[in-house]
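K.L.:
Mind having a look at this structure? Questions to follow.
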Amino acid sequence: MSPIEVIKHKTISQLLTQNDSVKLTSFAISIFSQKLFLAGTNTGEIIECDLTSSKIKRYQLSSEVMTVDICRDDSMWAAGTSKSEIMVRKSLGGWAKKVINDFNSRPIIQIRFVNKNCMLVATDRTVTKFKLTDMKLTYEIKFEPVTYEQAEIVQIMFMPLPDIPNNAVVLTASMNKVEFSLLDPTPRVVSHIPKPDYIEQGWQPVVSWMIHVEKSFCYVIIFWKDFIFLVKNDQDEFVLCG
Amino acid sequence: MIWGTVLSNRIVCYVDEEYNMELRSVEYLFASFASGGGFGGSHQLPKDRMVDTRVICTRADGSLTKSPHERVRALGNSVGFLTKDGLVKARLLSIKELVEIYIDKGKWLPALRLCVEVFKGKIVATKQEKDEIQSHVP
């Protein structure tokens, strides 16, 4: 028996049927409220949809939208493009916005909000922490590098630390390693797992995590070709355990 | 495997190149040989309707690095997939829903086994989830 239920989203299907040449390239849904849907397209358009009222707002950047993300409290969202543009915007018609026209000339492959004051931005070579301050009409942004120049980053994810509420670990998956960095106070790389020799070149790792409910520590799960690795995280130690 | 995540802090979910989605409890994956038990299932996604994986960079030799991220996303207890028809969500059923479906189909033994494994701690569950299924176990 399949333990899942498959649901097709009608409002979003209707959005797509309006123009055949426009293709969705990335999407995000507000995790807790399920109220806000955000999509990026191959033409640089960002579609913001309030799923409760079906109201739609559209914004334009100049190249393919590679990534979008919504802050966990739904208050703001961000998008990044293949030409290194970044847009940060207050959601649902709010005024505050900030557009960076060329962040570092590399495609923005992923943006992930940690909270409303912090987001992570990954290009294929770097991961950067953006500290955000809402200035009512714009955002003040300060940058801090999380990882320095490395080859072929494919995914980033942040993992909360149960014992340290205001900190997080950044999981950076690249073609030849998975790197673990503490986010605060100053981002620093604490450990990494290199690609095992028995996995051929060309297979990329995918990272996720889970919390051990009774004991307060996390497991990082790494999917890599046909293998799944279990990595136990306790404080800033990462131990391969399965 | 081209993509994977953990759903509801309990089920490891991964998708292979044929877009077959496998779901396994952590116990099933990492400890079942020693202790037995665990939980698993699978679901075939419509491969021909899926949006192509995106190109994220071009290597020095001209080959492309592709990534499924952003086309496929974990959304709490579900996984969202961009398809040619829009967004499709695969929602992981709750433990209570699973138990009730088993019971409706007359599959009493798997229902009981699932409840027992939850209470033995082999399948991760919150207190609320345990309370929800308590009436089904002796």
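Please note that chains go A, B, ... in the order of the structure tokens, that every chain numbers its residues from 1, and that ligands are numbered from 1 in the order shown.
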I'd like a table as a Markdown table: residues in chain B with an atom no more than 9 Å from chain A, each row giving the shortest atom pair and its distance in Å to one decimal, only C-alpha atoms counted, sorted by chain and rising residue number.
P.N.:
| residue | atom | partner | partner_atom | distance |
| --- | --- | --- | --- | --- |
| B:Met1 | CA | A:Lys225 | CA | 5.3 |
| B:Ile2 | CA | A:Lys225 | CA | 7.4 |
| B:Trp3 | CA | A:Val206 | CA | 6.1 |
| B:Gly4 | CA | A:Val206 | CA | 6.3 |
| B:Thr5 | CA | A:Ser208 | CA | 5.2 |
| B:Val6 | CA | A:Ser208 | CA | 6.3 |
| B:Leu7 | CA | A:Met210 | CA | 8.7 |
| B:Ser8 | CA | A:Met210 | CA | 8.7 |
| B:Asn9 | CA | A:Met210 | CA | 5.2 |
| B:Arg10 | CA | A:Met210 | CA | 7.6 |
| B:Val12 | CA | A:Ile221 | CA | 8.6 |
| B:Tyr14 | CA | A:Phe223 | CA | 8.0 |
| B:Leu23 | CA | A:Pro3 | CA | 7.9 |
| B:Leu29 | CA | A:Ile228 | CA | 8.5 |
| B:Phe30 | CA | A:Gly242 | CA | 6.4 |
| B:Ala31 | CA | A:Gly242 | CA | 9.0 |
| B:Gly40 | CA | A:Pro3 | CA | 8.3 |
| B:Gly41 | CA | A:Ser2 | CA | 5.6 |
| B:Ser42 | CA | A:Ser2 | CA | 5.8 |
| B:His43 | CA | A:Ser2 | CA | 6.0 |
| B:Val51 | CA | A:Thr25 | CA | 8.3 |
| B:Arg54 | CA | A:Thr25 | CA | 7.7 |
| B:Ile56 | CA | A:Ile109 | CA | 6.4 |
| B:Cys57 | CA | A:Asp124 | CA | 6.8 |
| B:Arg59 | CA | A:Glu152 | CA | 8.4 |
| B:Thr65 | CA | A:Glu152 | CA | 7.9 |
| B:Lys66 | CA | A:Val154 | CA | 8.4 |
| B:Ser67 | CA | A:Val154 | CA | 6.7 |
| B:His69 | CA | A:Gln155 | CA | 7.3 |
| B:Glu70 | CA | A:Ser26 | CA | 4.8 |
| B:Arg71 | CA | A:Ser26 | CA | 5.5 |
| B:Val72 | CA | A:Ser26 | CA | 8.5 |
| B:Arg73 | CA | A:Ala28 | CA | 7.8 |
| B:Leu75 | CA | A:Ile31 | CA | 6.0 |
| B:Gly76 | CA | A:Ile31 | CA | 6.4 |
| B:Ser78 | CA | A:Ile4 | CA | 8.5 |
| B:Gly80 | CA | A:Ala28 | CA | 8.8 |
| B:Leu82 | CA | A:Leu24 | CA | 7.5 |
| B:Thr83 | CA | A:Leu24 | CA | 8.8 |
| B:Lys84 | CA | A:Lys23 | CA | 8.3 |
| B:Asp85 | CA | A:Ser13 | CA | 5.7 |
| B:Gly86 | CA | A:Ser13 | CA | 4.4 |
| B:Leu87 | CA | A:His9 | CA | 5.6 |
| B:Val88 | CA | A:Lys8 | CA | 4.6 |
| B:Lys89 | CA | A:Ile7 | CA | 5.1 |
| B:Ala90 | CA | A:Val6 | CA | 4.4 |
| B:Arg91 | CA | A:Glu5 | CA | 5.1 |
| B:Leu92 | CA | A:Ile4 | CA | 4.5 |
| B:Leu93 | CA | A:Ile4 | CA | 5.4 |
| B:Ser94 | CA | A:Pro3 | CA | 8.6 |
| B:Leu98 | CA | A:Pro3 | CA | 6.9 |
| B:Tyr102 | CA | A:Met1 | CA | 8.7 |
| B:Val124 | CA | A:Val213 | CA | 7.5 |
| B:Ala125 | CA | A:Val213 | CA | 8.3 |
| B:Thr126 | CA | A:Val213 | CA | 7.9 |
K.L.:
Residues of range 94-193 of chain A classed as strand (DSSP E or B) by DSSP on the backbone are to be reported as a count of residues only.
P.N.:
67
K.L.:
So the first atom is CA of Lys232 in chain A and the second is CA of Cys218 in chain A; what is the distance between them in Å, to one decimal place?
P.N.:
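If I compute the distance from CA of Lys232 in chain A to CA of Cys218 in chain A, I get 6.2 Å.
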K.L.:
Which residue gives the smallest distance to Asp163 in chain A among A:Asp234, A:Glu200, A:Glu179, A:Asp74, with only C-alpha atoms counted?
P.N.:
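Closest candidate: A:Asp234.
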K.L.:
Neighbouring residues of Thr186 in chain A were defined as those with any atom within 9 Å, considering only C-alpha atoms; residues of the same chain fewer than 3 positions away were excluded. Please report them as a PyMOL selection string.
P.N.:
chain A and resi 144-146+182-183
K.L.:
Given only C-alpha atoms, how would the per-residue table for range 78-195 of chain A near range 49-57 of chain A read, listing every residue at most 12 Å away with its closest atom pair and distance in Å to one decimal, sorted by chain and number, as JSON lines?
P.N.:
{"residue": "A:Arg89", "atom": "CA", "partner": "A:Lys57", "partner_atom": "CA", "distance": 12.0}
{"residue": "A:Ser91", "atom": "CA", "partner": "A:Asp50", "partner_atom": "CA", "distance": 9.5}
{"residue": "A:Leu92", "atom": "CA", "partner": "A:Asp50", "partner_atom": "CA", "distance": 7.2}
{"residue": "A:Gly93", "atom": "CA", "partner": "A:Lys57", "partner_atom": "CA", "distance": 8.0}
{"residue": "A:Gly94", "atom": "CA", "partner": "A:Lys57", "partner_atom": "CA", "distance": 11.3}
K.L.:
Could you take the residues named above and write them with N, CA and C atoms, as a JSON list (two decimals), in the first residue's frame?
P.N.:
[["chain", "number", "residue", "atom", "x", "y", "z"],
["A", 89, "ARG", "N", 11.87, 40.76, -1.25],
["A", 89, "ARG", "CA", 10.66, 41.57, -1.28],
["A", 89, "ARG", "C", 9.71, 41.18, -0.14],
["A", 91, "SER", "N", 6.23, 40.27, 1.26],
["A", 91, "SER", "CA", 5.22, 39.51, 0.54],
["A", 91, "SER", "C", 3.84, 40.19, 0.56],
["A", 92, "LEU", "N", 3.00, 39.76, -0.33],
["A", 92, "LEU", "CA", 1.60, 40.17, -0.44],
["A", 92, "LEU", "C", 1.41, 41.69, -0.47],
["A", 93, "GLY", "N", 2.15, 42.35, -1.33],
["A", 93, "GLY", "CA", 1.93, 43.77, -1.57],
["A", 93, "GLY", "C", 2.67, 44.72, -0.66],
["A", 94, "GLY", "N", 3.51, 44.19, 0.23],
["A", 94, "GLY", "CA", 4.30, 45.07, 1.09],
["A", 94, "GLY", "C", 5.26, 45.91, 0.27]]
K.L.:
CA of Val99 in chain A and CA of Ile86 in chain A are how many Å apart?
P.N.:
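Value for the CA of Val99 in chain A-CA of Ile86 in chain A distance: 5.7 Å.
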K.L.:
Pick from B:Lys105, B:Pro68, B:Leu114, B:Ser63: nearest to Asp16 in chain B, with only C-alpha atoms counted?
P.N.:
B:Pro68
K.L.:
Would you kindly return, as a PDB file with N, CA and C atoms, in the first residue's frame, each protein, DNA or RNA residue with an atom no farther than 8 Å from any atom of range 83-85 of chain A, considering only C-alpha atoms and excluding same-chain residues fewer than 5 positions away?
P.N.:
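For reference, result-v2.pdb as written:
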ATOM      1  N   LEU A  61      12.458  40.008 -13.416  1.00  0.00           N
ATOM      2  CA  LEU A  61      13.914  40.111 -13.419  1.00  0.00           C
ATOM      3  C   LEU A  61      14.359  39.826 -14.852  1.00  0.00           C
ATOM      4  N   SER A  62      15.673  39.901 -15.136  1.00  0.00           N
ATOM      5  CA  SER A  62      16.063  39.892 -16.548  1.00  0.00           C
ATOM      6  C   SER A  62      16.445  38.516 -17.095  1.00  0.00           C
ATOM      7  N   SER A  63      16.570  37.513 -16.236  1.00  0.00           N
ATOM      8  CA  SER A  63      16.961  36.189 -16.748  1.00  0.00           C
ATOM      9  C   SER A  63      16.229  35.090 -15.977  1.00  0.00           C
ATOM     10  N   GLU A  64      16.476  33.853 -16.392  1.00  0.00           N
ATOM     11  CA  GLU A  64      15.736  32.719 -15.814  1.00  0.00           C
ATOM     12  C   GLU A  64      15.831  32.700 -14.287  1.00  0.00           C
ATOM     13  N   VAL A  99      16.767  44.959  -4.787  1.00  0.00           N
ATOM     14  CA  VAL A  99      17.222  44.182  -5.936  1.00  0.00           C
ATOM     15  C   VAL A  99      18.724  44.343  -6.059  1.00  0.00           C
ATOM     16  N   ILE A 100      19.435  43.234  -6.116  1.00  0.00           N
ATOM     17  CA  ILE A 100      20.876  43.261  -6.378  1.00  0.00           C
ATOM     18  C   ILE A 100      21.041  42.815  -7.825  1.00  0.00           C
ATOM     19  N   ASN A 101      21.560  43.686  -8.671  1.00  0.00           N
ATOM     20  CA  ASN A 101      21.592  43.387 -10.109  1.00  0.00           C
ATOM     21  C   ASN A 101      22.658  42.367 -10.501  1.00  0.00           C
ATOM     22  N   ASP A 102      23.787  42.376  -9.805  1.00  0.00           N
ATOM     23  CA  ASP A 102      24.814  41.376 -10.102  1.00  0.00           C
ATOM     24  C   ASP A 102      25.525  41.067  -8.796  1.00  0.00           C
ATOM     25  N   PHE A 103      25.151  39.936  -8.178  1.00  0.00           N
ATOM     26  CA  PHE A 103      25.722  39.609  -6.864  1.00  0.00           C
ATOM     27  C   PHE A 103      27.199  39.258  -6.985  1.00  0.00           C
ATOM     28  N   ASN A 104      27.540  38.225  -7.751  1.00  0.00           N
ATOM     29  CA  ASN A 104      28.962  37.925  -7.963  1.00  0.00           C
ATOM     30  C   ASN A 104      29.220  37.292  -9.336  1.00  0.00           C
ATOM     31  N   SER A 105      28.333  37.585 -10.264  1.00  0.00           N
ATOM     32  CA  SER A 105      28.448  37.124 -11.656  1.00  0.00           C
ATOM     33  C   SER A 105      28.267  35.613 -11.838  1.00  0.00           C
ATOM     34  N   ARG A 106      27.943  34.897 -10.785  1.00  0.00           N
ATOM     35  CA  ARG A 106      27.678  33.466 -10.898  1.00  0.00           C
ATOM     36  C   ARG A 106      26.160  33.235 -10.771  1.00  0.00           C
ATOM     37  N   PRO A 107      25.632  32.185 -11.397  1.00  0.00           N
ATOM     38  CA  PRO A 107      24.197  31.917 -11.249  1.00  0.00           C
ATOM     39  C   PRO A 107      23.830  31.627  -9.796  1.00  0.00           C
ATOM     40  N   ILE A 108      22.695  32.148  -9.374  1.00  0.00           N
ATOM     41  CA  ILE A 108      22.218  31.899  -8.003  1.00  0.00           C
ATOM     42  C   ILE A 108      21.469  30.564  -8.040  1.00  0.00           C
TER      43      ILE A 108
END
K.L.:
For the atom pair CA of Lys177 in chain A and CA of Thr58 in chain B, what is the interatomic distance in Å to one decimal place?
P.N.:
18.7 Å
K.L.:
From the options A:Thr43, A:Ile70, A:Lys129, A:Arg58, which residue's atoms come nearest to Ile141 in chain A, counting only C-alpha atoms?
P.N.:
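So, comparing all the options, the nearest one is A:Lys129.
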K.L.:
Going by DSSP on the backbone, which residues of range 32-100 of chain B come out as alpha helix (DSSP H)? List them as a PDB file with N, CA and C atoms, in the first residue's frame.
P.N.:
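Below is the file part.pdb, written as the result:
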ATOM      1  N   SER B  32      17.109  -2.599  10.486  1.00  0.00           N
ATOM      2  CA  SER B  32      16.153  -3.703  10.385  1.00  0.00           C
ATOM      3  C   SER B  32      16.815  -5.081  10.346  1.00  0.00           C
ATOM      4  N   PHE B  33      18.058  -5.162   9.838  1.00  0.00           N
ATOM      5  CA  PHE B  33      18.720  -6.471   9.799  1.00  0.00           C
ATOM      6  C   PHE B  33      18.928  -7.003  11.216  1.00  0.00           C
ATOM      7  N   ALA B  34      19.253  -6.092  12.123  1.00  0.00           N
ATOM      8  CA  ALA B  34      19.530  -6.528  13.487  1.00  0.00           C
ATOM      9  C   ALA B  34      18.249  -6.727  14.301  1.00  0.00           C
ATOM     10  N   SER B  35      17.319  -5.783  14.158  1.00  0.00           N
ATOM     11  CA  SER B  35      16.173  -5.812  15.063  1.00  0.00           C
ATOM     12  C   SER B  35      14.866  -6.187  14.386  1.00  0.00           C
ATOM     13  N   ILE B  95       0.176   8.648  10.720  1.00  0.00           N
ATOM     14  CA  ILE B  95       0.133   7.273  11.243  1.00  0.00           C
ATOM     15  C   ILE B  95      -1.327   6.852  11.446  1.00  0.00           C
ATOM     16  N   LYS B  96      -2.135   7.769  11.977  1.00  0.00           N
ATOM     17  CA  LYS B  96      -3.553   7.456  12.218  1.00  0.00           C
ATOM     18  C   LYS B  96      -4.261   7.123  10.899  1.00  0.00           C
ATOM     19  N   GLU B  97      -4.011   7.964   9.860  1.00  0.00           N
ATOM     20  CA  GLU B  97      -4.646   7.706   8.558  1.00  0.00           C
ATOM     21  C   GLU B  97      -4.237   6.347   7.999  1.00  0.00           C
ATOM     22  N   LEU B  98      -2.940   6.028   8.138  1.00  0.00           N
ATOM     23  CA  LEU B  98      -2.440   4.742   7.630  1.00  0.00           C
ATOM     24  C   LEU B  98      -3.115   3.575   8.345  1.00  0.00           C
ATOM     25  N   VAL B  99      -3.183   3.680   9.665  1.00  0.00           N
ATOM     26  CA  VAL B  99      -3.804   2.606  10.462  1.00  0.00           C
ATOM     27  C   VAL B  99      -5.263   2.434  10.032  1.00  0.00           C
ATOM     28  N   GLU B 100      -5.966   3.555   9.854  1.00  0.00           N
ATOM     29  CA  GLU B 100      -7.389   3.468   9.494  1.00  0.00           C
ATOM     30  C   GLU B 100      -7.605   2.900   8.093  1.00  0.00           C
TER      31      GLU B 100
END
